[in-house]
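> input29.cif is reproduced in full below (mmCIF, C-alpha atoms).
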data_structure
loop_
_atom_site.label_atom_id
_atom_site.label_comp_id
_atom_site.auth_asym_id
_atom_site.auth_seq_id
_atom_site.Cartn_x
_atom_site.Cartn_y
_atom_site.Cartn_z
CA MET A 1 140.43 85.66 118.28
CA THR A 2 137.83 87.44 120.44
CA ASP A 3 134.58 88.78 118.99
CA VAL A 4 135.79 92.35 119.64
CA GLU A 5 138.87 91.75 117.47
CA SER A 6 136.72 90.00 114.85
CA VAL A 7 134.44 93.07 114.62
CA LYS A 8 137.45 95.35 114.07
CA ASN A 9 138.92 93.01 111.44
CA LEU A 10 135.60 92.75 109.63
CA GLN A 11 135.24 96.55 109.57
CA GLN A 12 138.74 96.87 108.03
CA SER A 13 137.99 94.12 105.47
CA TYR A 14 134.70 95.85 104.59
CA HIS A 15 136.50 99.13 103.81
CA ARG A 16 139.03 97.24 101.67
CA VAL A 17 136.22 95.46 99.79
CA ARG A 18 134.51 98.82 99.17
CA GLY A 19 137.81 100.25 97.94
CA GLN A 20 138.43 97.39 95.51
CA ILE A 21 134.86 97.48 94.12
CA GLY A 22 135.18 101.27 93.75
CA ARG A 23 138.09 100.75 91.33
CA VAL A 24 135.66 99.12 88.86
CA ILE A 25 132.22 100.46 89.80
CA VAL A 26 131.70 104.23 89.88
CA GLY A 27 129.26 105.43 92.58
CA GLN A 28 126.44 103.08 93.69
CA ASP A 29 127.73 103.25 97.30
CA ALA A 30 124.36 102.50 98.90
CA VAL A 31 123.83 99.52 96.56
CA VAL A 32 127.27 98.02 97.38
CA GLU A 33 126.61 98.46 101.12
CA GLN A 34 123.20 96.77 100.87
CA LEU A 35 124.63 93.84 98.86
CA LEU A 36 127.35 93.24 101.46
CA ILE A 37 124.90 93.54 104.38
CA SER A 38 122.62 91.00 102.69
CA LEU A 39 125.50 88.58 102.01
CA LEU A 40 126.81 88.76 105.60
CA ALA A 41 123.29 88.41 107.05
CA ARG A 42 122.77 85.21 104.97
CA GLY A 43 120.03 86.88 102.93
CA HIS A 44 119.38 87.18 99.19
CA CYS A 45 118.83 90.31 97.09
CA LEU A 46 116.41 91.39 94.40
CA LEU A 47 118.03 94.06 92.21
CA VAL A 48 115.71 96.31 90.24
CA GLY A 49 117.09 98.68 87.62
CA VAL A 50 116.90 99.59 83.95
CA PRO A 51 119.35 97.87 81.55
CA GLY A 52 122.91 99.16 81.31
CA LEU A 53 123.50 100.11 84.95
CA ALA A 54 126.34 97.54 85.34
CA LYS A 55 124.36 95.11 87.52
CA THR A 56 126.22 92.06 86.20
CA LEU A 57 129.60 93.80 86.37
CA LEU A 58 128.91 94.78 89.99
CA ILE A 59 128.07 91.21 91.03
CA ARG A 60 131.02 89.73 89.14
CA THR A 61 133.36 92.28 90.77
CA LEU A 62 131.93 91.43 94.20
CA ALA A 63 132.54 87.70 93.61
CA ASP A 64 136.06 88.45 92.40
CA VAL A 65 137.03 90.56 95.44
CA LEU A 66 135.53 87.99 97.86
CA ASN A 67 137.24 85.10 96.01
CA LEU A 68 133.92 83.25 95.53
CA SER A 69 132.68 81.14 92.62
CA PHE A 70 130.14 82.95 90.43
CA ASN A 71 127.54 81.79 87.90
CA ARG A 72 125.12 83.84 85.86
CA VAL A 73 121.84 82.39 84.57
CA GLN A 74 119.90 84.31 81.92
CA PHE A 75 116.23 83.58 82.65
CA THR A 76 114.09 83.04 79.55
CA PRO A 77 110.51 81.76 79.01
CA ASP A 78 111.78 78.31 77.91
CA LEU A 79 114.15 77.75 80.88
CA MET A 80 113.40 74.50 82.77
CA PRO A 81 114.03 73.84 86.49
CA SER A 82 116.70 71.25 85.58
CA ASP A 83 118.57 73.96 83.60
CA ILE A 84 119.23 75.64 86.97
CA THR A 85 119.54 72.79 89.45
CA GLY A 86 121.19 70.18 87.21
CA THR A 87 120.13 66.96 85.53
CA GLU A 88 120.82 63.24 85.55
CA ILE A 89 122.45 61.76 82.45
CA ILE A 90 123.04 58.10 81.51
CA GLU A 91 126.68 57.14 81.20
CA GLU A 92 128.35 53.85 80.35
CA ASP A 93 130.81 52.57 82.94
CA ARG A 94 133.87 51.71 80.79
CA SER A 95 135.19 49.03 83.15
CA THR A 96 131.93 47.05 83.50
CA GLY A 97 129.97 48.13 80.43
CA GLU A 98 126.95 48.92 82.67
CA LYS A 99 124.88 52.02 82.16
CA VAL A 100 124.68 54.29 85.22
CA PHE A 101 123.04 57.59 86.07
CA ARG A 102 125.29 60.53 86.89
CA PHE A 103 124.11 63.88 88.24
CA VAL A 104 125.52 66.88 86.37
CA LYS A 105 125.37 69.95 88.62
CA GLY A 106 123.61 73.04 87.28
CA PRO A 107 124.68 76.69 87.58
CA ILE A 108 123.01 76.98 91.02
CA PHE A 109 126.10 75.21 92.44
CA ALA A 110 128.15 78.37 93.03
CA ASN A 111 128.71 80.75 95.96
CA ILE A 112 127.14 83.71 94.14
CA VAL A 113 124.37 83.09 91.59
CA LEU A 114 123.04 85.92 89.43
CA ALA A 115 119.50 85.14 88.23
CA ASP A 116 119.18 87.66 85.42
CA GLU A 117 115.62 88.88 84.68
CA VAL A 118 114.02 86.36 87.03
CA ASN A 119 110.50 87.53 86.04
CA ARG A 120 110.97 86.32 82.42
CA THR A 121 110.74 82.63 83.35
CA PRO A 122 107.59 80.59 84.23
CA PRO A 123 106.60 80.02 87.90
CA LYS A 124 107.81 76.38 87.89
CA THR A 125 111.40 77.48 87.18
CA GLN A 126 111.17 80.42 89.60
CA ALA A 127 110.04 77.97 92.30
CA ALA A 128 113.09 75.74 91.72
CA LEU A 129 115.39 78.72 92.29
CA LEU A 130 113.48 79.90 95.36
CA GLU A 131 113.50 76.42 96.93
CA SER A 132 117.30 76.35 96.61
CA MET A 133 117.51 79.83 98.17
CA GLN A 134 115.47 78.77 101.17
CA GLU A 135 116.86 75.26 101.77
CA HIS A 136 120.45 75.73 100.47
CA ARG A 137 120.07 72.35 98.77
CA VAL A 138 118.78 70.75 95.57
CA THR A 139 116.71 67.58 95.26
CA ALA A 140 117.02 65.64 91.99
CA ALA A 141 115.78 62.11 91.28
CA GLY A 142 115.18 61.49 94.98
CA ARG A 143 118.69 62.52 96.07
CA THR A 144 119.61 65.68 97.95
CA TYR A 145 122.69 67.72 97.08
CA THR A 146 123.94 70.47 99.41
CA LEU A 147 124.87 73.80 97.83
CA PRO A 148 128.28 75.37 98.53
CA GLU A 149 128.51 77.84 101.43
CA PRO A 150 128.36 80.80 101.54
CA PHE A 151 125.40 80.77 99.13
CA PHE A 152 124.05 84.10 97.89
CA VAL A 153 121.42 84.66 95.16
CA LEU A 154 120.96 87.99 93.38
CA ALA A 155 117.94 88.15 91.12
CA THR A 156 117.49 91.09 88.75
CA GLN A 157 114.28 92.55 87.35
CA ASN A 158 113.90 95.12 84.61
CA PRO A 159 111.14 97.54 85.73
CA ILE A 160 110.35 98.79 82.20
CA GLU A 161 109.11 95.95 80.00
CA GLN A 162 106.38 93.92 81.70
CA GLU A 163 104.92 92.26 78.57
CA GLY A 164 105.38 88.51 78.62
CA THR A 165 106.75 88.43 82.17
CA TYR A 166 105.72 86.35 85.18
CA PRO A 167 105.82 88.73 88.19
CA LEU A 168 107.07 87.03 91.36
CA PRO A 169 104.16 86.39 93.76
CA GLU A 170 104.26 88.10 97.19
CA ALA A 171 105.15 84.86 99.01
CA GLN A 172 108.23 84.45 96.80
CA LEU A 173 109.24 88.12 97.00
CA ASP A 174 109.26 87.65 100.78
CA ARG A 175 112.24 85.25 100.42
CA PHE A 176 114.47 88.16 99.39
CA MET A 177 115.99 90.05 102.30
CA PHE A 178 116.46 93.29 100.33
CA ASN A 179 114.85 94.86 97.31
CA VAL A 180 117.67 97.09 96.01
CA TRP A 181 116.91 99.82 93.46
CA LEU A 182 119.68 100.93 91.12
CA ASP A 183 119.35 104.50 89.94
CA TYR A 184 120.96 106.36 87.05
CA PRO A 185 124.43 107.75 87.87
CA SER A 186 124.89 111.49 88.45
CA PHE A 187 126.37 113.62 85.63
CA ALA A 188 129.88 113.56 87.17
CA GLU A 189 129.69 109.79 87.76
CA GLU A 190 128.56 109.15 84.18
CA VAL A 191 131.48 111.24 82.83
CA GLN A 192 133.85 109.10 84.93
CA ILE A 193 132.17 105.86 83.76
CA VAL A 194 132.55 106.83 80.09
CA LYS A 195 136.23 107.78 80.56
CA GLN A 196 136.96 104.56 82.47
CA THR A 197 135.16 102.15 80.13
CA THR A 198 136.29 103.58 76.79
CA ALA A 199 140.01 103.50 77.59
CA GLY A 200 142.12 100.35 77.28
CA GLY A 201 143.62 98.32 80.09
CA SER A 202 142.19 95.92 82.63
CA ILE A 203 142.10 96.26 86.42
CA THR A 204 143.47 93.45 88.58
CA LEU A 205 141.55 93.31 91.84
CA GLU A 206 142.98 92.26 95.19
CA LYS A 207 141.17 89.37 96.93
CA VAL A 208 140.06 90.64 100.33
CA LEU A 209 138.04 87.82 101.92
CA ASP A 210 137.32 84.18 101.13
CA GLY A 211 134.45 81.75 101.74
CA GLU A 212 135.61 80.59 105.19
CA GLU A 213 136.09 84.15 106.44
CA ILE A 214 132.63 85.12 105.16
CA ILE A 215 131.04 82.12 106.96
CA ALA A 216 132.89 83.17 110.17
CA ALA A 217 131.60 86.75 109.70
CA GLN A 218 128.03 85.44 109.21
CA GLN A 219 128.32 83.50 112.49
CA LEU A 220 129.79 86.56 114.26
CA ILE A 221 126.81 88.70 113.20
CA ARG A 222 124.37 86.15 114.66
CA ARG A 223 126.17 86.53 118.04
CA VAL A 224 125.82 90.34 118.14
CA PRO A 225 123.57 91.34 121.09
CA VAL A 226 120.56 93.60 120.46
CA ALA A 227 118.81 95.79 123.04
CA ASP A 228 115.11 95.06 123.65
CA ASN A 229 114.05 98.59 122.66
CA VAL A 230 115.67 98.14 119.21
CA VAL A 231 113.87 94.81 118.65
CA GLU A 232 110.57 96.37 119.81
CA TYR A 233 111.08 99.34 117.46
CA ALA A 234 111.59 96.96 114.49
CA VAL A 235 108.53 94.84 115.38
CA ARG A 236 106.38 97.97 115.91
CA LEU A 237 107.50 99.39 112.56
CA VAL A 238 106.50 96.15 110.77
CA ALA A 239 103.21 95.87 112.70
CA ASN A 240 102.33 99.42 111.59
CA THR A 241 102.38 98.27 107.92
CA ARG A 242 99.40 95.97 108.59
CA PRO A 243 96.11 97.77 107.80
CA LYS A 244 94.12 95.71 110.36
CA SER A 245 96.65 95.91 113.22
CA GLY A 246 94.68 98.54 115.18
CA ASN A 247 97.64 100.87 115.77
CA ALA A 248 98.43 101.48 112.08
CA PRO A 249 98.29 105.10 110.89
CA LYS A 250 95.30 106.11 108.76
CA PHE A 251 97.31 106.32 105.50
CA ILE A 252 98.23 102.61 105.90
CA ALA A 253 94.55 101.61 105.98
CA ASP A 254 93.89 103.94 103.03
CA PHE A 255 96.68 102.75 100.74
CA LEU A 256 97.64 99.14 101.67
CA SER A 257 95.79 95.84 101.24
CA TYR A 258 98.44 93.79 103.10
CA GLY A 259 101.41 94.61 105.30
CA ALA A 260 104.73 92.85 105.94
CA GLY A 261 105.04 89.54 107.81
CA PRO A 262 107.34 88.48 110.69
CA ARG A 263 110.20 87.78 108.26
CA ALA A 264 110.47 91.55 107.76
CA SER A 265 111.11 92.04 111.50
CA GLN A 266 113.80 89.33 111.44
CA TYR A 267 115.54 90.92 108.44
CA LEU A 268 115.33 94.43 109.97
CA ILE A 269 117.25 93.19 113.03
CA LEU A 270 119.74 91.11 111.00
CA GLY A 271 120.35 94.06 108.66
CA ALA A 272 120.78 96.42 111.63
CA LYS A 273 123.25 94.03 113.32
CA THR A 274 125.31 93.72 110.13
CA ARG A 275 125.34 97.47 109.49
CA ALA A 276 126.50 98.13 113.07
CA VAL A 277 129.34 95.57 112.81
CA LEU A 278 130.49 96.93 109.43
CA GLN A 279 130.76 100.36 111.07
CA GLY A 280 132.81 98.89 113.95
CA ARG A 281 130.03 99.00 116.58
CA PHE A 282 129.18 96.09 118.89
CA THR A 283 125.40 96.49 119.04
CA PRO A 284 122.84 98.04 116.64
CA GLU A 285 120.81 101.18 117.36
CA ILE A 286 117.36 102.27 116.17
CA GLU A 287 119.12 104.33 113.46
CA ASP A 288 120.48 101.07 111.94
CA VAL A 289 116.95 99.64 111.76
CA ARG A 290 115.74 102.83 110.03
CA ALA A 291 118.66 102.66 107.55
CA VAL A 292 117.65 99.19 106.29
CA ALA A 293 113.87 99.69 106.53
CA LEU A 294 113.30 100.80 102.91
CA PRO A 295 115.03 97.86 101.12
CA VAL A 296 113.49 95.39 103.62
CA LEU A 297 109.90 96.67 103.49
CA ARG A 298 109.24 98.06 100.02
CA HIS A 299 108.61 94.66 98.35
CA ARG A 300 106.67 93.26 101.32
CA ILE A 301 103.78 95.74 101.38
CA VAL A 302 100.93 95.41 98.88
CA THR A 303 99.32 98.67 97.73
CA ASN A 304 95.61 98.84 96.85
CA PHE A 305 93.64 100.63 94.12
CA ASN A 306 93.56 103.94 96.07
CA ALA A 307 97.37 104.04 96.15
CA GLU A 308 97.61 103.30 92.42
CA SER A 309 95.01 105.95 91.51
CA ASP A 310 96.83 108.53 93.68
CA SER A 311 100.26 107.39 92.36
CA VAL A 312 101.46 106.55 95.90
CA THR A 313 104.42 104.13 95.75
CA PRO A 314 105.52 101.61 98.42
CA GLN A 315 108.69 103.74 98.88
CA GLU A 316 106.61 106.79 99.83
CA ILE A 317 104.58 104.73 102.29
CA VAL A 318 107.73 103.41 104.02
CA ARG A 319 109.21 106.93 104.18
CA ARG A 320 106.01 108.28 105.74
CA LEU A 321 106.04 105.42 108.28
CA LEU A 322 109.64 106.26 109.27
CA GLU A 323 108.67 109.91 109.79
#
How does this structure look as structure tokens?


Amino acid sequence: MTDVESVKNLQQSYHRVRGQIGRVIVGQDAVVEQLLISLLARGHCLLVGVPGLAKTLLIRTLADVLNLSFNRVQFTPDLMPSDITGTEIIEEDRSTGEKVFRFVKGPIFANIVLADEVNRTPPKTQAALLESMQEHRVTAAGRTYTLPEPFFVLATQNPIEQEGTYPLPEAQLDRFMFNVWLDYPSFAEEVQIVKQTTAGGSITLEKVLDGEEIIAAQQLIRRVPVADNVVEYAVRLVANTRPKSGNAPKFIADFLSYGAGPRASQYLILGAKTRAVLQGRFTPEIEDVRAVALPVLRHRIVTNFNAESDSVTPQEIVRRLLE
């Protein structure tokens, strides 16, 4: 199959996936699009939203439609790294009577892992998850175990209660391709949600893609050509978030202590490539870069005291940059 045919097939599959998810999840179109872009670009997502916005249901539905294995880990202050990655246990070999160590895989060994309330667990456990995200493997007792592909981590944070939490440091936030914000549904959407969830009956979803097809799609996206002016636009946009870059606008120097690093530029181009392919186009445009700029940049820029005292949020800064 040629790449041109693959792009057309992927676009059709994408619309079918959206249709299937829409049977269970009301609204949240932008969130579903960003999740799928992140998955196909081999990134990971940080989902931020108040409780009760169907974050877990959305991820489980996505795993179901894509025919991928799914595990959910509820992060708590007493969670240990081995509770995520797995642990070695001593077993007796029945034939010889000898005692041997056997590695029992943890919940990280799944295609889609939902790390619920990732900021509730201490840094040591957060680091174990983030190492697996970066390396796609787990090291235990000196042995390395490869995680199943495709491997996609979604971590959720509750923006309301911050007492007793361990906020992710900037270097670890940078590992997430997108920071996706879930908002309250509109009045009409909420009416539909209430009708749908308070009636009986279960919905059987059609499987649209599988692991091998997703890996092929991830490889296809890497082969998509990008014009130099699009790459330069992305790099210039990221460079303008750095207060000491020389070309940054005045409001950047006023409101930011640190800007985004080179990983932001990489993710802007990967996100733009994926968005273009999902819309059936063979190369991304500057508009695609602008469309993914907010979820890529908002968790990579660090505001200073002036921004906090003037109630200027990272979102506002990114929007002003795009203007």

> Applying the PyMOL selection byres ((chain A and resi 116) around 8) to the file I just gave you, which residues come out? Please list them as an NGL selection string.

:A and (72-75 or 114-115 or 117-118 or 155-157)

> Which is closest to A:Val230 among A:Pro243, A:Pro107, A:Pro314, A:Pro284, if we use all atoms listed in the file?

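The shortest atom-to-atom distance to A:Val230 comes from A:Pro284.
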
> Can you list, as a VMD selection string, the residues that the PyMOL selection byres ((chain A and resi 145-148) around 12) selects here?

chain A and resid 68 to 70 85 to 87 103 to 113 131 to 144 149 to 153 211 to 212 215

> Would you kindly translate the PyMOL selection byres ((chain A and resi 179-194) around 9) into the concrete residues it picks from this file, as a ChimeraX atom specification?

/A:25-28,31,34-35,45-50,53,55,173,176-178,195-199,294-299

> What gap, in Å, lies between atom CA of A:Leu130 and atom CA of A:Arg175?

7.5 Å

> Can you work out which one of A:Ile252, A:Arg18, A:Ala227, A:Ile286 has the shortest atom-to-atom distance to A:Leu36, counting all atoms listed in the file?

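Counting all atoms listed in the file, the residue closest to A:Leu36 is A:Arg18.
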
> Do you have the atom CA of A:Met80-atom CA of A:Thr165 distance handy?

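So the two atoms, atom CA of A:Met80 and atom CA of A:Thr165, lie 15.4 Å apart.
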
> Find, counting all atoms listed in the file, the residue in A:Leu220, A:Ala291, A:Ile301, A:Leu322 that gets nearest to A:Glu33.

A:Ala291

> Which residues, written as an NGL selection string, have at least one atom at most 10 Å from A:Pro77, with all atoms listed in the file counted and residues fewer than 6 positions away on the same chain left out?

:A and (118-123 or 125 or 164-166)
